[in-house]
Each structure stands twice: as structure tokens, then as C-alpha cells.
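Undergrad: Input structure: query33.cif, which contains mmCIF, N, CA and C atoms.
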```cif
data_data
loop_
_atom_site.label_atom_id
_atom_site.label_comp_id
_atom_site.auth_asym_id
_atom_site.auth_seq_id
_atom_site.Cartn_x
_atom_site.Cartn_y
_atom_site.Cartn_z
N MET A 1 -64.38 117.93 -111.84
CA MET A 1 -63.04 117.57 -112.17
C MET A 1 -62.31 118.80 -112.67
N LYS A 2 -61.06 118.94 -112.25
CA LYS A 2 -60.27 120.10 -112.64
C LYS A 2 -59.11 119.64 -113.52
N VAL A 3 -58.91 120.30 -114.64
CA VAL A 3 -57.84 119.93 -115.56
C VAL A 3 -56.78 121.01 -115.54
N SER A 4 -55.52 120.62 -115.36
CA SER A 4 -54.43 121.58 -115.42
C SER A 4 -53.71 121.46 -116.75
N ASN A 5 -52.73 122.32 -116.98
CA ASN A 5 -52.00 122.33 -118.25
C ASN A 5 -51.25 121.04 -118.52
N ASN A 6 -50.78 120.35 -117.49
CA ASN A 6 -49.99 119.14 -117.70
C ASN A 6 -50.83 117.87 -117.64
N SER A 7 -52.10 117.98 -117.88
CA SER A 7 -53.02 116.85 -117.95
C SER A 7 -53.09 116.03 -116.67
N VAL A 8 -52.89 116.67 -115.54
CA VAL A 8 -53.08 115.99 -114.27
C VAL A 8 -54.50 116.30 -113.83
N TYR A 9 -55.24 115.24 -113.49
CA TYR A 9 -56.63 115.40 -113.10
C TYR A 9 -56.75 115.24 -111.60
N ILE A 10 -57.63 115.98 -111.03
CA ILE A 10 -57.94 115.83 -109.62
C ILE A 10 -59.29 115.12 -109.54
N ASN A 11 -59.29 113.99 -108.87
CA ASN A 11 -60.50 113.20 -108.72
C ASN A 11 -60.83 113.13 -107.24
N TYR A 12 -62.03 113.46 -106.88
CA TYR A 12 -62.43 113.40 -105.48
C TYR A 12 -63.14 112.08 -105.21
N THR A 13 -62.61 111.31 -104.29
CA THR A 13 -63.19 110.02 -103.96
C THR A 13 -64.41 110.23 -103.07
N LEU A 14 -65.08 109.13 -102.74
CA LEU A 14 -66.26 109.23 -101.89
C LEU A 14 -65.93 109.82 -100.53
N GLU A 15 -64.70 109.61 -100.06
CA GLU A 15 -64.29 110.15 -98.76
C GLU A 15 -63.89 111.62 -98.87
N ARG A 16 -64.02 112.20 -100.02
CA ARG A 16 -63.68 113.59 -100.30
C ARG A 16 -62.19 113.86 -100.20
N CYS A 17 -61.37 112.83 -100.38
CA CYS A 17 -59.92 113.00 -100.41
C CYS A 17 -59.51 113.20 -101.85
N ALA A 18 -58.59 114.11 -102.08
CA ALA A 18 -58.14 114.38 -103.44
C ALA A 18 -57.11 113.34 -103.85
N MET A 19 -57.21 112.88 -105.08
CA MET A 19 -56.27 111.93 -105.63
C MET A 19 -55.82 112.47 -106.98
N GLU A 20 -54.52 112.70 -107.14
CA GLU A 20 -54.02 113.17 -108.42
C GLU A 20 -53.93 112.02 -109.39
N LEU A 21 -54.44 112.22 -110.56
CA LEU A 21 -54.39 111.20 -111.60
C LEU A 21 -53.62 111.74 -112.80
N GLN A 22 -52.75 110.93 -113.34
CA GLN A 22 -51.97 111.29 -114.52
C GLN A 22 -52.52 110.52 -115.71
N ARG A 23 -52.88 111.22 -116.75
CA ARG A 23 -53.40 110.56 -117.95
C ARG A 23 -52.28 109.76 -118.59
N THR A 24 -52.56 108.48 -118.83
CA THR A 24 -51.57 107.57 -119.42
C THR A 24 -52.27 106.69 -120.43
N GLN A 25 -51.60 106.40 -121.50
CA GLN A 25 -52.17 105.53 -122.52
C GLN A 25 -51.39 104.22 -122.50
N ILE A 26 -52.11 103.10 -122.48
CA ILE A 26 -51.48 101.79 -122.51
C ILE A 26 -52.15 100.95 -123.60
N LEU A 27 -51.42 99.97 -124.08
CA LEU A 27 -51.97 99.04 -125.06
C LEU A 27 -52.19 97.71 -124.37
N LEU A 28 -53.38 97.17 -124.52
CA LEU A 28 -53.74 95.88 -123.93
C LEU A 28 -53.99 94.88 -125.04
N GLU A 29 -53.76 93.62 -124.71
CA GLU A 29 -54.18 92.57 -125.64
C GLU A 29 -55.70 92.56 -125.66
N LYS A 30 -56.26 92.11 -126.75
CA LYS A 30 -57.72 92.12 -126.90
C LYS A 30 -58.41 91.36 -125.77
N THR A 31 -57.88 90.19 -125.42
CA THR A 31 -58.51 89.39 -124.35
C THR A 31 -58.38 90.08 -123.00
N GLN A 32 -57.25 90.76 -122.77
CA GLN A 32 -57.10 91.51 -121.51
C GLN A 32 -58.16 92.59 -121.41
N HIS A 33 -58.33 93.32 -122.51
CA HIS A 33 -59.32 94.40 -122.51
C HIS A 33 -60.73 93.85 -122.30
N GLN A 34 -61.04 92.74 -122.95
CA GLN A 34 -62.37 92.14 -122.80
C GLN A 34 -62.60 91.71 -121.35
N MET A 35 -61.61 91.06 -120.76
CA MET A 35 -61.77 90.59 -119.38
C MET A 35 -61.89 91.75 -118.40
N LEU A 36 -61.07 92.78 -118.58
CA LEU A 36 -61.14 93.95 -117.70
C LEU A 36 -62.48 94.68 -117.86
N THR A 37 -62.95 94.77 -119.09
CA THR A 37 -64.24 95.41 -119.33
C THR A 37 -65.37 94.63 -118.67
N LEU A 38 -65.31 93.31 -118.75
CA LEU A 38 -66.30 92.46 -118.11
C LEU A 38 -66.30 92.66 -116.59
N ILE A 39 -65.12 92.69 -116.00
CA ILE A 39 -65.01 92.92 -114.55
C ILE A 39 -65.60 94.28 -114.20
N ALA A 40 -65.25 95.30 -114.97
CA ALA A 40 -65.75 96.65 -114.71
C ALA A 40 -67.27 96.69 -114.79
N GLU A 41 -67.85 96.04 -115.78
CA GLU A 41 -69.31 96.01 -115.92
C GLU A 41 -69.96 95.27 -114.76
N GLU A 42 -69.38 94.13 -114.37
CA GLU A 42 -69.93 93.34 -113.27
C GLU A 42 -69.91 94.11 -111.95
N GLU A 43 -68.88 94.91 -111.76
CA GLU A 43 -68.73 95.65 -110.50
C GLU A 43 -69.24 97.09 -110.60
N ASN A 44 -69.81 97.43 -111.75
CA ASN A 44 -70.34 98.77 -111.97
C ASN A 44 -69.28 99.84 -111.68
N ARG A 45 -68.09 99.61 -112.21
CA ARG A 45 -66.97 100.53 -112.03
C ARG A 45 -66.37 100.83 -113.39
N SER A 46 -65.52 101.84 -113.43
CA SER A 46 -64.87 102.18 -114.69
C SER A 46 -63.69 101.24 -114.94
N LEU A 47 -63.37 101.10 -116.21
CA LEU A 47 -62.21 100.32 -116.59
C LEU A 47 -60.95 100.90 -115.95
N SER A 48 -60.85 102.22 -115.94
CA SER A 48 -59.69 102.88 -115.33
C SER A 48 -59.56 102.54 -113.85
N ASP A 49 -60.67 102.50 -113.16
CA ASP A 49 -60.66 102.18 -111.73
C ASP A 49 -60.16 100.76 -111.50
N ILE A 50 -60.62 99.84 -112.33
CA ILE A 50 -60.19 98.44 -112.21
C ILE A 50 -58.69 98.33 -112.46
N VAL A 51 -58.21 98.99 -113.51
CA VAL A 51 -56.78 98.92 -113.85
C VAL A 51 -55.94 99.56 -112.74
N ARG A 52 -56.37 100.70 -112.21
CA ARG A 52 -55.64 101.35 -111.11
C ARG A 52 -55.56 100.44 -109.90
N GLU A 53 -56.67 99.77 -109.58
CA GLU A 53 -56.70 98.86 -108.43
C GLU A 53 -55.70 97.71 -108.62
N MET A 54 -55.69 97.14 -109.82
CA MET A 54 -54.78 96.03 -110.09
C MET A 54 -53.32 96.48 -110.05
N ILE A 55 -53.05 97.66 -110.58
CA ILE A 55 -51.68 98.19 -110.54
C ILE A 55 -51.27 98.44 -109.09
N GLU A 56 -52.15 99.03 -108.31
CA GLU A 56 -51.85 99.30 -106.90
C GLU A 56 -51.57 98.00 -106.15
N ARG A 57 -52.35 96.98 -106.40
CA ARG A 57 -52.14 95.68 -105.76
C ARG A 57 -50.76 95.11 -106.12
N GLU A 58 -50.41 95.20 -107.39
CA GLU A 58 -49.10 94.69 -107.84
C GLU A 58 -47.96 95.50 -107.23
N LEU A 59 -48.12 96.82 -107.13
CA LEU A 59 -47.08 97.65 -106.54
C LEU A 59 -46.89 97.32 -105.06
N ARG A 60 -47.99 97.11 -104.33
CA ARG A 60 -47.88 96.72 -102.91
C ARG A 60 -47.21 95.36 -102.78
N TYR A 61 -47.55 94.41 -103.65
CA TYR A 61 -46.93 93.10 -103.63
C TYR A 61 -45.42 93.21 -103.84
N ARG A 62 -45.01 94.00 -104.82
CA ARG A 62 -43.59 94.15 -105.11
C ARG A 62 -42.85 94.82 -103.95
N GLN A 63 -43.50 95.79 -103.33
CA GLN A 63 -42.88 96.47 -102.19
C GLN A 63 -42.70 95.48 -101.03
N ARG A 64 -43.72 94.68 -100.74
CA ARG A 64 -43.60 93.67 -99.68
C ARG A 64 -42.52 92.65 -100.00
N ARG A 65 -42.44 92.25 -101.27
CA ARG A 65 -41.42 91.29 -101.67
C ARG A 65 -40.02 91.87 -101.48
N GLN A 66 -39.83 93.14 -101.83
CA GLN A 66 -38.53 93.80 -101.62
C GLN A 66 -38.18 93.85 -100.14
N MET A 67 -39.17 94.16 -99.32
CA MET A 67 -38.92 94.21 -97.87
C MET A 67 -38.57 92.84 -97.33
N LEU A 68 -39.23 91.80 -97.81
CA LEU A 68 -38.94 90.44 -97.38
C LEU A 68 -37.52 90.03 -97.77
N LEU A 69 -37.13 90.33 -99.00
CA LEU A 69 -35.77 90.01 -99.44
C LEU A 69 -34.73 90.76 -98.62
N ALA A 70 -35.00 92.02 -98.32
CA ALA A 70 -34.07 92.81 -97.50
C ALA A 70 -33.99 92.22 -96.09
N ALA A 71 -35.12 91.81 -95.54
CA ALA A 71 -35.13 91.22 -94.20
C ALA A 71 -34.34 89.91 -94.19
N ARG A 72 -34.48 89.11 -95.23
CA ARG A 72 -33.72 87.86 -95.32
C ARG A 72 -32.22 88.12 -95.38
N GLU A 73 -31.83 89.15 -96.14
CA GLU A 73 -30.42 89.50 -96.21
C GLU A 73 -29.90 89.95 -94.86
N LEU A 74 -30.70 90.70 -94.13
CA LEU A 74 -30.28 91.21 -92.83
C LEU A 74 -30.31 90.13 -91.75
N GLN A 75 -31.10 89.09 -91.95
CA GLN A 75 -31.23 88.04 -90.95
C GLN A 75 -29.87 87.39 -90.66
N ALA A 76 -29.10 87.10 -91.68
CA ALA A 76 -27.78 86.50 -91.49
C ALA A 76 -26.89 87.45 -90.68
N GLU A 77 -26.96 88.71 -90.99
CA GLU A 77 -26.17 89.70 -90.25
C GLU A 77 -26.62 89.76 -88.79
N TYR A 78 -27.91 89.70 -88.58
CA TYR A 78 -28.46 89.80 -87.23
C TYR A 78 -28.05 88.61 -86.36
N THR A 79 -27.91 87.44 -86.95
CA THR A 79 -27.57 86.25 -86.16
C THR A 79 -26.07 86.04 -86.00
N THR A 80 -25.24 86.74 -86.81
CA THR A 80 -23.80 86.52 -86.72
C THR A 80 -23.01 87.72 -86.24
N ASN A 81 -23.52 88.90 -86.36
CA ASN A 81 -22.81 90.11 -85.95
C ASN A 81 -22.89 90.25 -84.43
N PRO A 82 -21.74 90.22 -83.73
CA PRO A 82 -21.75 90.29 -82.26
C PRO A 82 -22.40 91.56 -81.73
N GLU A 83 -22.31 92.65 -82.47
CA GLU A 83 -22.94 93.89 -82.00
C GLU A 83 -24.47 93.79 -82.03
N LEU A 84 -24.99 92.93 -82.88
CA LEU A 84 -26.44 92.78 -82.99
C LEU A 84 -26.97 91.60 -82.19
N THR A 85 -26.19 90.54 -82.04
CA THR A 85 -26.68 89.35 -81.34
C THR A 85 -26.98 89.63 -79.88
N GLU A 86 -26.36 90.66 -79.31
CA GLU A 86 -26.66 90.97 -77.91
C GLU A 86 -28.10 91.45 -77.74
N PHE A 87 -28.75 91.84 -78.82
CA PHE A 87 -30.15 92.28 -78.74
C PHE A 87 -31.13 91.12 -78.87
N THR A 88 -30.66 89.91 -79.10
CA THR A 88 -31.57 88.78 -79.25
C THR A 88 -32.39 88.54 -77.99
N ALA A 89 -31.89 88.98 -76.85
CA ALA A 89 -32.64 88.85 -75.60
C ALA A 89 -33.92 89.68 -75.64
N LEU A 90 -33.94 90.66 -76.50
CA LEU A 90 -35.11 91.54 -76.60
C LEU A 90 -36.14 91.04 -77.62
N ASP A 91 -35.86 89.90 -78.26
CA ASP A 91 -36.75 89.40 -79.30
C ASP A 91 -38.14 89.04 -78.76
N ALA A 92 -38.24 88.62 -77.53
CA ALA A 92 -39.55 88.35 -76.92
C ALA A 92 -39.88 89.53 -76.02
N ASP A 93 -41.13 89.70 -75.66
CA ASP A 93 -41.43 90.84 -74.80
C ASP A 93 -41.36 90.48 -73.32
N ASP A 94 -40.73 89.37 -72.97
CA ASP A 94 -40.53 89.03 -71.56
C ASP A 94 -39.75 90.12 -70.84
N PHE A 95 -38.81 90.74 -71.54
CA PHE A 95 -37.99 91.75 -70.91
C PHE A 95 -38.82 92.93 -70.43
N LEU A 96 -39.98 93.14 -71.00
CA LEU A 96 -40.83 94.25 -70.58
C LEU A 96 -41.35 94.06 -69.16
N PHE A 97 -41.50 92.81 -68.76
CA PHE A 97 -42.15 92.52 -67.49
C PHE A 97 -41.19 91.89 -66.48
N GLU A 98 -39.86 92.03 -66.68
CA GLU A 98 -38.89 91.44 -65.77
C GLU A 98 -39.09 91.93 -64.35
N ASP A 99 -39.34 93.21 -64.15
CA ASP A 99 -39.49 93.77 -62.80
C ASP A 99 -40.77 93.30 -62.14
N ASP A 100 -41.80 92.96 -62.92
CA ASP A 100 -43.07 92.51 -62.36
C ASP A 100 -42.98 91.10 -61.80
N ALA A 101 -42.02 90.31 -62.27
CA ALA A 101 -41.92 88.90 -61.85
C ALA A 101 -41.39 88.79 -60.42
N SER A 102 -40.67 89.76 -59.91
CA SER A 102 -40.12 89.66 -58.56
C SER A 102 -41.05 90.15 -57.48
#
```
Represent the structure contained in this file as C-alpha cells.
TA:
Amino acid sequence: MKVSNNSVYINYTLERCAMELQRTQILLEKTQHQMLTLIAEEENRSLSDIVREMIERELRYRQRRQMLLAARELQAEYTTNPELTEFTALDADDFLFEDDAS
């Protein structure tokens, strides 16, 4: 492990890919800490690894939710805007094989 002046750690995963880690301190409720510690022990992993995994999962969930909300907002535009509705014929991939049908 290599330590730089700004407390950024380089951790090499099993795949030998470098992952920058930033040291952060958080406060957990006692029961949260106990449950996370139990999970870490059961899976033979570090508490930090478990917390990073859970944070990553939550961040991916939030990103997908933002994309879904944006898609819903655009859906109304896509169905009512004349400049966009002309592309509805391309929604299925039948247009890819139009020449093959003749």
C-alpha cells in the first residue's frame, strides 16, 4: 500500500487494478456497526469493504433512478413533439430488414 501526503491510498484488487481510496471517518449507530461487523466476519471481509460495497450499490441505485425519472420526463416530449414522433417508426427493428422482405 502506498500513502501520499493527502491520505489517498492505493489499493490493488485481486485483478491487479488500482483503486484510489480516500480516508473518511463516519459515525454509525451501535446496531449498524454491530450488523456490519457481523456481515464482515461472516464473509471474511473487512468492514470497510462491506461499507464501500453498500455505498456503491446505493450510488448505482440513485443513478438508475435519476435516469428513469429523466426518461419519464422525456417520454411526454417524445410522444408529442412532431420533430420526434416521426422517429417512432424506428422503435422496432423491423426497419432494419425492410429490404430483405421483398
Undergrad: Please indicate the distance in Å from atom N of Gln22 of chain A to atom CA of Ser48 of chain A, rounded to one decimal place.
TA: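 According to the coordinates, atom N of Gln22 of chain A and atom CA of Ser48 of chain A are separated by 10.8 Å.
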Undergrad: Quick one: pull the distance between atom CA of Lys30 of chain A and atom N of Leu47 of chain A, Å, one decimal.
TA: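 These atoms are spaced 15.1 Å apart.
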Undergrad: How many Å lie between atom C of Thr37 of chain A and atom C of Asp49 of chain A, rounded to one decimal?
TA: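 Computing the Euclidean distance for atom C of Thr37 of chain A and atom C of Asp49 of chain A yields 10.8 Å.
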Undergrad: Hey, which of A:Thr80, A:Val51, A:Leu74, A:Glu56 ends up closest to Thr24 of chain A? Count only C-alpha atoms.
TA: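 Result for the nearest residue to Thr24 of chain A: A:Val51.
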